[in-house]
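Pasted below: entry.cif, mmCIF, C-alpha atoms.
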```cif
data_coords
#
loop_
_atom_site.group_PDB
_atom_site.id
_atom_site.type_symbol
_atom_site.label_atom_id
_atom_site.label_comp_id
_atom_site.auth_asym_id
_atom_site.auth_seq_id
_atom_site.Cartn_x
_atom_site.Cartn_y
_atom_site.Cartn_z
ATOM 1 C CA MET F 4 -233.529 -28.501 226.995
ATOM 2 C CA LYS F 5 -230.410 -30.558 226.357
ATOM 3 C CA ILE F 6 -230.285 -32.357 223.002
ATOM 4 C CA VAL F 7 -227.602 -34.235 221.080
ATOM 5 C CA ASN F 8 -225.961 -32.192 218.331
ATOM 6 C CA PRO F 9 -227.440 -33.128 214.897
ATOM 7 C CA LEU F 10 -224.269 -32.017 213.087
ATOM 8 C CA TYR F 11 -222.495 -35.027 214.537
ATOM 9 C CA ASP F 12 -222.638 -37.903 212.068
ATOM 10 C CA GLN F 13 -224.099 -40.392 214.510
ATOM 11 C CA VAL F 14 -226.835 -37.972 215.595
ATOM 12 C CA PHE F 15 -227.667 -37.091 211.987
ATOM 13 C CA LYS F 16 -227.983 -40.808 211.243
ATOM 14 C CA TYR F 17 -230.155 -41.209 214.366
ATOM 15 C CA LEU F 18 -232.496 -38.509 212.995
ATOM 16 C CA MET F 19 -232.670 -39.660 209.392
ATOM 17 C CA GLU F 20 -233.364 -43.292 210.259
ATOM 18 C CA ASN F 21 -236.524 -42.278 212.160
ATOM 19 C CA GLU F 22 -239.070 -42.254 209.312
ATOM 20 C CA PRO F 23 -241.735 -39.914 210.812
ATOM 21 C CA ILE F 24 -239.109 -37.389 211.908
ATOM 22 C CA ALA F 25 -237.187 -37.594 208.626
ATOM 23 C CA ARG F 26 -240.483 -37.082 206.744
ATOM 24 C CA LYS F 27 -241.282 -33.975 208.799
ATOM 25 C CA ILE F 28 -237.762 -32.511 208.349
ATOM 26 C CA LEU F 29 -237.758 -33.088 204.597
ATOM 27 C CA SER F 30 -241.301 -31.725 204.196
ATOM 28 C CA VAL F 31 -240.247 -28.460 205.872
ATOM 29 C CA ILE F 32 -237.140 -28.165 203.691
ATOM 30 C CA ILE F 33 -238.787 -28.819 200.316
ATOM 31 C CA GLU F 34 -242.067 -27.134 201.360
ATOM 32 C CA GLN F 35 -244.148 -29.959 199.950
ATOM 33 C CA GLU F 36 -246.226 -32.635 201.626
ATOM 34 C CA ILE F 37 -244.462 -35.991 201.717
ATOM 35 C CA LEU F 38 -247.070 -38.739 201.647
ATOM 36 C CA ASN F 39 -244.678 -41.652 201.893
ATOM 37 C CA LEU F 40 -240.955 -41.903 202.635
ATOM 38 C CA GLN F 41 -238.743 -44.930 202.205
ATOM 39 C CA LEU F 42 -235.084 -44.939 203.276
ATOM 40 C CA LYS F 43 -233.057 -46.707 200.605
ATOM 41 C CA PRO F 44 -230.390 -49.180 201.759
ATOM 42 C CA GLN F 45 -226.884 -47.790 201.433
ATOM 43 C CA GLU F 46 -224.874 -49.832 198.942
ATOM 44 C CA ALA F 47 -221.626 -48.442 200.305
ATOM 45 C CA VAL F 48 -220.605 -46.141 203.109
ATOM 46 C CA TYR F 49 -218.184 -43.374 202.199
ATOM 47 C CA ILE F 50 -215.335 -43.342 204.724
ATOM 48 C CA ASP F 51 -213.330 -40.235 205.452
ATOM 49 C CA LYS F 52 -209.870 -41.794 205.091
ATOM 50 C CA LYS F 53 -208.236 -39.026 207.105
ATOM 51 C CA ARG F 54 -210.479 -39.569 210.116
ATOM 52 C CA ASN F 55 -211.595 -43.156 209.444
ATOM 53 C CA ILE F 56 -215.259 -42.352 210.135
ATOM 54 C CA PRO F 57 -218.338 -42.757 207.906
ATOM 55 C CA LEU F 58 -219.727 -39.581 206.366
ATOM 56 C CA SER F 59 -223.457 -38.900 206.381
ATOM 57 C CA ARG F 60 -225.431 -39.469 203.217
ATOM 58 C CA PHE F 61 -228.942 -40.822 202.792
ATOM 59 C CA ASP F 62 -231.268 -41.665 199.927
ATOM 60 C CA PHE F 63 -235.042 -41.602 200.287
ATOM 61 C CA LYS F 64 -237.670 -42.624 197.776
ATOM 62 C CA ALA F 65 -240.498 -40.187 198.447
ATOM 63 C CA ILE F 66 -244.035 -39.773 197.191
ATOM 64 C CA ILE F 67 -244.799 -36.067 197.368
ATOM 65 C CA ARG F 68 -247.889 -33.993 196.711
ATOM 66 C CA SER F 69 -246.985 -30.815 194.845
ATOM 67 C CA SER F 70 -248.813 -27.488 195.132
ATOM 68 C CA ASP F 71 -250.991 -28.381 192.125
ATOM 69 C CA GLY F 72 -252.223 -31.525 193.903
ATOM 70 C CA CYS F 73 -250.285 -33.967 191.699
ATOM 71 C CA GLN F 74 -248.409 -36.867 193.266
ATOM 72 C CA ASN F 75 -244.860 -37.571 192.145
ATOM 73 C CA THR F 76 -242.237 -40.105 193.158
ATOM 74 C CA VAL F 77 -238.738 -38.651 193.557
ATOM 75 C CA LEU F 78 -235.374 -39.619 194.950
ATOM 76 C CA ILE F 79 -234.240 -37.285 197.752
ATOM 77 C CA GLU F 80 -230.498 -37.376 198.315
ATOM 78 C CA ILE F 81 -229.169 -35.925 201.570
ATOM 79 C CA GLN F 82 -225.505 -35.284 202.301
ATOM 80 C CA LYS F 83 -223.830 -33.533 205.217
ATOM 81 C CA SER F 84 -220.349 -32.113 205.640
ATOM 82 C CA ASN F 85 -218.721 -30.195 208.472
ATOM 83 C CA SER F 86 -215.503 -29.530 206.545
ATOM 84 C CA PRO F 87 -215.034 -27.435 203.389
ATOM 85 C CA ASP F 88 -214.253 -28.867 199.957
ATOM 86 C CA PRO F 89 -216.576 -31.893 199.865
ATOM 87 C CA ILE F 90 -217.524 -31.091 196.253
ATOM 88 C CA MET F 91 -215.937 -34.120 194.564
ATOM 89 C CA ARG F 92 -217.517 -36.469 197.119
ATOM 90 C CA PHE F 93 -220.906 -34.826 196.570
ATOM 91 C CA ARG F 94 -220.532 -35.045 192.772
ATOM 92 C CA ARG F 95 -219.353 -38.655 192.868
ATOM 93 C CA TYR F 96 -222.354 -39.763 194.881
ATOM 94 C CA LEU F 97 -224.789 -37.657 192.832
ATOM 95 C CA GLY F 98 -223.437 -39.311 189.682
ATOM 96 C CA LYS F 99 -224.262 -42.729 191.116
ATOM 97 C CA ASN F 100 -227.842 -41.670 191.765
ATOM 98 C CA TYR F 101 -228.249 -40.340 188.229
ATOM 99 C CA ILE F 102 -227.600 -43.793 186.784
ATOM 100 C CA ARG F 103 -229.679 -45.624 189.415
ATOM 101 C CA LYS F 104 -233.021 -47.153 188.444
ATOM 102 C CA GLU F 105 -235.956 -47.932 190.743
ATOM 103 C CA THR F 106 -238.262 -50.891 190.316
ATOM 104 C CA PHE F 107 -242.027 -50.296 190.096
ATOM 105 C CA ILE F 108 -245.092 -52.470 189.572
ATOM 106 C CA THR F 109 -247.253 -51.023 186.795
ATOM 107 C CA LYS F 110 -251.045 -50.914 186.857
ATOM 108 C CA GLU F 111 -250.954 -53.982 184.646
ATOM 109 C CA GLY F 112 -248.950 -55.830 187.324
ATOM 110 C CA LYS F 113 -245.707 -55.825 185.358
ATOM 111 C CA GLU F 114 -242.317 -55.034 186.922
ATOM 112 C CA GLU F 115 -240.633 -51.982 185.421
ATOM 113 C CA SER F 116 -237.308 -50.247 186.138
ATOM 114 C CA ARG F 117 -236.777 -46.559 185.483
ATOM 115 C CA PRO F 118 -234.841 -43.592 186.918
ATOM 116 C CA LEU F 119 -236.429 -41.084 189.288
ATOM 117 C CA PRO F 120 -236.204 -37.285 189.374
ATOM 118 C CA ILE F 121 -233.665 -36.211 192.010
ATOM 119 C CA THR F 122 -233.783 -33.563 194.720
ATOM 120 C CA THR F 123 -230.548 -32.932 196.638
ATOM 121 C CA ILE F 124 -230.211 -31.489 200.147
ATOM 122 C CA TYR F 125 -226.846 -30.475 201.598
ATOM 123 C CA PHE F 126 -226.358 -29.738 205.307
ATOM 124 C CA LEU F 127 -223.190 -27.673 205.739
ATOM 125 C CA GLY F 128 -221.429 -27.087 209.036
ATOM 126 C CA TYR F 129 -219.367 -24.282 207.485
ATOM 127 C CA ASN F 130 -220.148 -21.150 205.465
ATOM 128 C CA LEU F 131 -220.100 -20.434 201.751
ATOM 129 C CA PRO F 132 -218.685 -16.863 201.725
ATOM 130 C CA GLU F 133 -220.884 -15.684 198.847
ATOM 131 C CA TYR F 134 -224.206 -16.482 200.551
ATOM 132 C CA GLN F 135 -225.324 -14.902 203.836
ATOM 133 C CA THR F 136 -228.589 -16.831 204.203
ATOM 134 C CA PRO F 137 -229.036 -20.112 206.111
ATOM 135 C CA GLY F 138 -231.106 -21.615 203.299
ATOM 136 C CA ILE F 139 -230.461 -21.622 199.549
ATOM 137 C CA LEU F 140 -232.697 -23.140 196.879
ATOM 138 C CA VAL F 141 -231.190 -23.716 193.450
ATOM 139 C CA ASN F 142 -234.195 -24.639 191.320
ATOM 140 C CA ASN F 143 -234.045 -25.610 187.697
ATOM 141 C CA CYS F 144 -236.401 -23.702 185.409
ATOM 142 C CA VAL F 145 -237.232 -24.028 181.715
ATOM 143 C CA ILE F 146 -236.738 -20.943 179.520
ATOM 144 C CA ASP F 147 -237.361 -20.484 175.808
ATOM 145 C CA ALA F 148 -233.853 -19.776 174.508
ATOM 146 C CA ILE F 149 -235.299 -17.717 171.625
ATOM 147 C CA THR F 150 -237.882 -15.507 173.346
ATOM 148 C CA LYS F 151 -236.286 -15.758 176.860
ATOM 149 C CA GLU F 152 -239.768 -16.416 178.276
ATOM 150 C CA PRO F 153 -240.304 -19.092 180.970
ATOM 151 C CA ILE F 154 -241.968 -22.370 180.002
ATOM 152 C CA GLU F 155 -244.059 -23.854 182.789
ATOM 153 C CA THR F 156 -244.181 -27.437 181.476
ATOM 154 C CA LYS F 157 -241.439 -29.935 182.355
ATOM 155 C CA ASN F 158 -241.330 -33.282 180.583
ATOM 156 C CA GLU F 159 -239.443 -36.414 181.658
ATOM 157 C CA PHE F 160 -236.335 -35.398 179.712
ATOM 158 C CA VAL F 161 -235.984 -32.168 181.732
ATOM 159 C CA LYS F 162 -237.010 -33.708 185.058
ATOM 160 C CA LEU F 163 -234.499 -36.547 184.813
ATOM 161 C CA LEU F 164 -231.523 -34.495 183.595
ATOM 162 C CA THR F 165 -231.808 -31.514 185.964
ATOM 163 C CA HIS F 166 -232.617 -31.304 189.652
ATOM 164 C CA PRO F 167 -233.503 -28.824 192.427
ATOM 165 C CA SER F 168 -230.966 -28.464 195.216
ATOM 166 C CA TYR F 169 -231.264 -27.147 198.793
ATOM 167 C CA ILE F 170 -228.125 -25.901 200.580
ATOM 168 C CA LEU F 171 -228.458 -25.332 204.317
ATOM 169 C CA GLN F 172 -225.764 -23.309 206.107
ATOM 170 C CA ILE F 173 -226.239 -23.994 209.800
ATOM 171 C CA ASN F 174 -223.806 -21.286 210.919
ATOM 172 C CA ARG F 175 -225.769 -18.620 209.003
ATOM 173 C CA LEU F 176 -228.775 -18.855 211.337
ATOM 174 C CA ARG F 177 -230.031 -15.404 212.328
ATOM 175 C CA PRO F 178 -231.148 -14.398 215.839
ATOM 176 C CA GLU F 179 -234.742 -13.920 214.642
ATOM 177 C CA ARG F 180 -236.138 -17.078 213.094
ATOM 178 C CA LYS F 181 -239.380 -16.353 211.293
ATOM 179 C CA SER F 182 -239.743 -19.095 208.694
ATOM 180 C CA ARG F 183 -240.507 -22.725 209.512
ATOM 181 C CA LEU F 184 -237.159 -23.727 208.004
ATOM 182 C CA GLU F 185 -235.249 -21.337 210.287
ATOM 183 C CA LYS F 186 -237.172 -22.601 213.312
ATOM 184 C CA LEU F 187 -236.417 -26.190 212.335
ATOM 185 C CA LEU F 188 -232.726 -25.371 211.922
ATOM 186 C CA SER F 189 -232.743 -23.979 215.476
ATOM 187 C CA LEU F 190 -232.326 -27.621 216.485
ATOM 188 C CA PHE F 191 -228.939 -27.503 214.712
ATOM 189 C CA ASP F 192 -227.806 -24.151 216.174
ATOM 190 C CA GLN F 193 -224.089 -24.509 216.998
ATOM 191 C CA ASN F 194 -224.177 -21.359 219.120
ATOM 192 C CA GLN F 195 -226.008 -23.441 221.715
ATOM 193 C CA GLN F 196 -223.104 -25.847 222.249
ATOM 194 C CA THR F 197 -222.384 -26.759 225.855
ATOM 195 C CA GLU F 198 -218.962 -27.627 227.276
ATOM 196 C CA ASP F 199 -219.439 -30.942 225.514
ATOM 197 C CA LYS F 200 -219.787 -29.858 221.910
ATOM 198 C CA TYR F 201 -221.945 -32.866 221.070
ATOM 199 C CA ILE F 202 -224.660 -31.500 223.406
ATOM 200 C CA LEU F 203 -226.764 -28.420 222.586
ATOM 201 C CA ASP F 204 -228.820 -26.462 225.110
ATOM 202 C CA ILE F 205 -231.794 -25.069 223.195
ATOM 203 C CA GLU F 206 -234.678 -22.819 224.221
ATOM 204 C CA GLU F 207 -237.590 -25.227 224.272
ATOM 205 C CA ASP F 208 -240.177 -22.436 224.579
ATOM 206 C CA GLU F 209 -239.057 -20.891 221.288
ATOM 207 C CA LEU F 210 -239.694 -24.054 219.276
ATOM 208 C CA PRO F 211 -243.001 -24.485 217.434
ATOM 209 C CA SER F 212 -245.142 -27.171 219.037
ATOM 210 C CA ASP F 213 -244.923 -29.408 215.949
ATOM 211 C CA PHE F 214 -241.119 -29.606 216.347
ATOM 212 C CA LYS F 215 -241.258 -30.648 220.006
ATOM 213 C CA ASP F 216 -241.287 -34.332 219.026
ATOM 214 C CA ILE F 217 -237.950 -33.877 217.241
ATOM 215 C CA ALA F 218 -236.491 -32.054 220.255
ATOM 216 C CA ASP F 219 -237.767 -34.792 222.593
ATOM 217 C CA TYR F 220 -236.253 -37.458 220.364
ATOM 218 C CA LEU F 221 -232.862 -35.689 220.434
ATOM 219 C CA ASN F 222 -233.184 -35.176 224.193
ATOM 220 C CA ARG F 223 -233.853 -38.890 224.710
ATOM 221 C CA ALA F 224 -230.444 -39.744 223.261
ATOM 222 C CA THR F 225 -228.687 -37.636 225.909
ATOM 223 C CA HIS F 226 -229.688 -40.301 228.456
ATOM 224 C CA ASP F 227 -228.234 -43.180 226.409
ATOM 225 C CA GLU F 228 -224.753 -43.883 227.829
ATOM 226 C CA ASN F 229 -223.547 -45.896 224.820
ATOM 227 C CA PHE F 230 -224.746 -43.210 222.432
ATOM 228 C CA ILE F 231 -222.914 -40.510 224.421
ATOM 229 C CA LEU F 232 -219.724 -42.630 224.523
ATOM 230 C CA ASN F 233 -219.843 -42.901 220.732
ATOM 231 C CA LEU F 234 -220.276 -39.133 220.460
ATOM 232 C CA GLU F 235 -217.302 -38.596 222.772
ATOM 233 C CA PHE F 236 -215.279 -40.864 220.507
ATOM 234 C CA GLU F 237 -216.426 -38.945 217.426
ATOM 235 C CA GLU F 238 -215.513 -35.664 219.118
ATOM 236 C CA ASP F 239 -212.063 -37.005 220.076
ATOM 237 C CA ILE F 240 -211.490 -37.960 216.444
ATOM 238 C CA GLU F 241 -212.661 -34.523 215.280
ATOM 239 C CA GLU F 242 -210.413 -32.733 217.770
ATOM 240 C CA GLU F 243 -207.412 -34.864 216.801
ATOM 241 C CA PHE F 244 -208.131 -34.211 213.156
ATOM 242 C CA GLU F 245 -208.418 -30.454 213.815
ATOM 243 C CA LYS F 246 -205.050 -30.523 215.616
ATOM 244 C CA ARG F 247 -203.468 -32.292 212.661
ATOM 245 C CA GLU F 248 -205.118 -29.883 210.254
ATOM 246 C CA GLN F 249 -203.838 -26.926 212.308
ATOM 247 C CA LYS F 250 -200.332 -28.401 212.406
ATOM 248 C CA LEU F 251 -200.388 -28.998 208.655
ATOM 249 C CA LEU F 252 -201.656 -25.444 208.151
ATOM 250 C CA GLU F 253 -198.845 -24.034 210.289
ATOM 251 C CA GLN F 254 -196.305 -26.148 208.397
ATOM 252 C CA GLU F 255 -197.745 -24.966 205.100
ATOM 253 C CA ILE F 256 -197.567 -21.315 206.225
ATOM 254 C CA ALA F 257 -193.946 -21.837 207.385
ATOM 255 C CA LEU F 258 -193.108 -23.489 204.063
ATOM 256 C CA GLN F 259 -194.723 -20.633 202.123
ATOM 257 C CA GLU F 260 -192.688 -18.148 204.206
ATOM 258 C CA LYS F 261 -189.475 -20.024 203.425
ATOM 259 C CA GLU F 262 -190.399 -20.084 199.733
ATOM 260 C CA LYS F 263 -190.961 -16.316 199.877
ATOM 261 C CA GLN F 264 -187.565 -15.838 201.537
ATOM 262 C CA LEU F 265 -185.894 -18.036 198.914
ATOM 263 C CA GLU F 266 -187.655 -16.132 196.126
ATOM 264 C CA GLN F 267 -186.483 -12.868 197.671
ATOM 265 C CA LYS F 268 -182.905 -14.185 197.892
ATOM 266 C CA ASP F 269 -183.144 -15.357 194.276
ATOM 267 C CA ARG F 270 -184.303 -11.874 193.253
ATOM 268 C CA GLN F 271 -181.443 -10.324 195.224
ATOM 269 C CA LEU F 272 -178.920 -12.677 193.568
ATOM 270 C CA GLU F 273 -180.404 -11.937 190.152
ATOM 271 C CA GLN F 274 -180.135 -8.231 190.884
ATOM 272 C CA LYS F 275 -176.545 -8.693 192.087
ATOM 273 C CA ASP F 276 -175.701 -10.718 188.984
ATOM 274 C CA ARG F 277 -177.258 -7.992 186.868
ATOM 275 C CA HIS F 278 -175.164 -5.332 188.629
ATOM 276 C CA LEU F 279 -172.046 -7.479 188.213
ATOM 277 C CA GLY F 280 -172.862 -7.973 184.552
ATOM 278 C CA GLU F 281 -173.313 -4.228 184.086
ATOM 279 C CA GLU F 282 -170.053 -3.567 185.946
ATOM 280 C CA ARG F 283 -168.264 -6.163 183.810
ATOM 281 C CA LYS F 284 -169.641 -4.564 180.692
ATOM 282 C CA ARG F 285 -168.456 -1.108 181.802
ATOM 283 C CA THR F 286 -165.012 -2.551 182.603
ATOM 284 C CA GLU F 287 -164.805 -4.171 179.175
ATOM 285 C CA GLU F 288 -165.828 -0.898 177.507
ATOM 286 C CA LYS F 289 -163.161 0.967 179.495
ATOM 287 C CA GLU F 290 -160.551 -1.599 178.480
ATOM 288 C CA LYS F 291 -161.590 -1.203 174.829
ATOM 289 C CA GLU F 292 -161.380 2.573 175.166
ATOM 290 C CA ASN F 293 -157.947 2.308 176.812
ATOM 291 C CA GLU F 294 -156.770 -0.038 174.062
ATOM 292 C CA ARG F 295 -158.031 2.419 171.451
ATOM 293 C CA LEU F 296 -156.124 5.256 173.136
ATOM 294 C CA ARG F 297 -152.968 3.145 173.347
ATOM 295 C CA ASN F 298 -153.217 2.376 169.631
ATOM 296 C CA GLU F 299 -153.600 6.072 168.806
ATOM 297 C CA ILE F 300 -150.582 6.897 170.977
ATOM 298 C CA ARG F 301 -148.505 4.244 169.186
ATOM 299 C CA LYS F 302 -149.556 5.668 165.793
ATOM 300 C CA LEU F 303 -148.594 9.170 166.867
ATOM 301 C CA LYS F 304 -145.152 7.970 167.993
ATOM 302 C CA LYS F 305 -144.588 6.255 164.666
ATOM 303 C CA ASN F 306 -145.545 9.365 162.713
ATOM 304 C CA LYS F 307 -142.905 11.398 164.629
#
```
Hey, can you dump this file as structure tokens for me?
Amino acid sequence: MKIVNPLYDQVFKYLMENEPIARKILSVIIEQEILNLQLKPQEAVYIDKKRNIPLSRFDFKAIIRSSDGCQNTVLIEIQKSNSPDPIMRFRRYLGKNYIRKETFITKEGKEESRPLPITTIYFLGYNLPEYQTPGILVNNCVIDAITKEPIETKNEFVKLLTHPSYILQINRLRPERKSRLEKLLSLFDQNQQTEDKYILDIEEDELPSDFKDIADYLNRATHDENFILNLEFEEDIEEEFEKREQKLLEQEIALQEKEKQLEQKDRQLEQKDRHLGEERKRTEEKEKENERLRNEIRKLKKNK
């Protein structure tokens, strides 16, 4: 089955703006039932100034049912990057969410504003060298600093100042996909790229039946001419950017090589100067010795 590539920004946006599909994807990732999902309006779109394209980030207000049956309202922040070193962008946006407040209507009918606990999800189109798995969960836990024993209870102070984080490395997908998360990420598998990189050719029979709706939704976009034209444009921008990056990399390597050559020449000159200095010193010592001998000869002549 041909589907549009979810690692492309426009496809990722296409997925995340479909509430039922976004709810299913997020439920699989966090392994909790999402009862209600609301996409928050984006106050500002972060633009990659090098490529002049918007970068994918989404905020959802979600009501989730945890394993103990309790319902909690949280803010789920999703960001995606295909290029390394997005850390400052991720931190900048996370900082904005930490100071954001949500408005609620209390049981008494009063309007109240307060912050929400945050869960972050990062889709990466590149690999973190230290981690070989496609899915990483960094989960905050409470530990007694005296006894080193875990404390199960989390109050508002802890919930609002720490957060769980999911890091998904698409290129770390393994051939055998056993977990639901791995099977879901099969829809992102970059090894299935066709000649047009924005189109993937996936094995429909290997997908669980409850992910077929997502695959069908991504397949539907392959028949939308305007959508495909936009993906071609995005790919052209990516390819041009990659060419520029490669050229800059080659220039940087050439510059580093020149700097090495200059450093080597500097070392050679320093060594030559050192040899000249040593030679000059030996010459001066010889001249002093010769002068001493001449003085002794003159004294001997006088004594005669």
* Asked: Quick one: of F:Ser30, F:Ser84, F:Asn39, F:Gln254, who's nearest to Ser59 (chain F), counting only C-alpha atoms?
  ->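 Smallest distance to Ser59 (chain F) is found for F:Ser84.
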* Pick out the residues sitting within 8 Å of region 90-101 of chain F, and hand them over as number ranges by chain; count all atoms listed in the file, and ignore anything fewer than 2 positions along from it in its own chain. => F: 80, 82, 88, 103, 118, 121
* To do: Would you kindly translate the PyMOL selection byres ((chain F and resi 177) around 12) into the concrete residues it picks from this file, as an MDAnalysis selection string?
  => chainID F and resid 135:138 172:176 178:182 184:186 188:189 192:194
* Extract, using all atoms listed in the file, all DNA, RNA and protein residues at most 12 Å from Leu234 (chain F), discarding same-chain residues fewer than 3 positions from it, and format them as JSON, numbers by chain. => {"F": [7, 8, 9, 10, 11, 12, 13, 14, 15, 17, 56, 199, 200, 201, 202, 224, 225, 227, 228, 229, 230, 231, 237, 238, 239, 240, 241]}
* Structure fact -> re CA of Cys73 (chain F) and CA of Ile32 (chain F): distance 18.7 Å
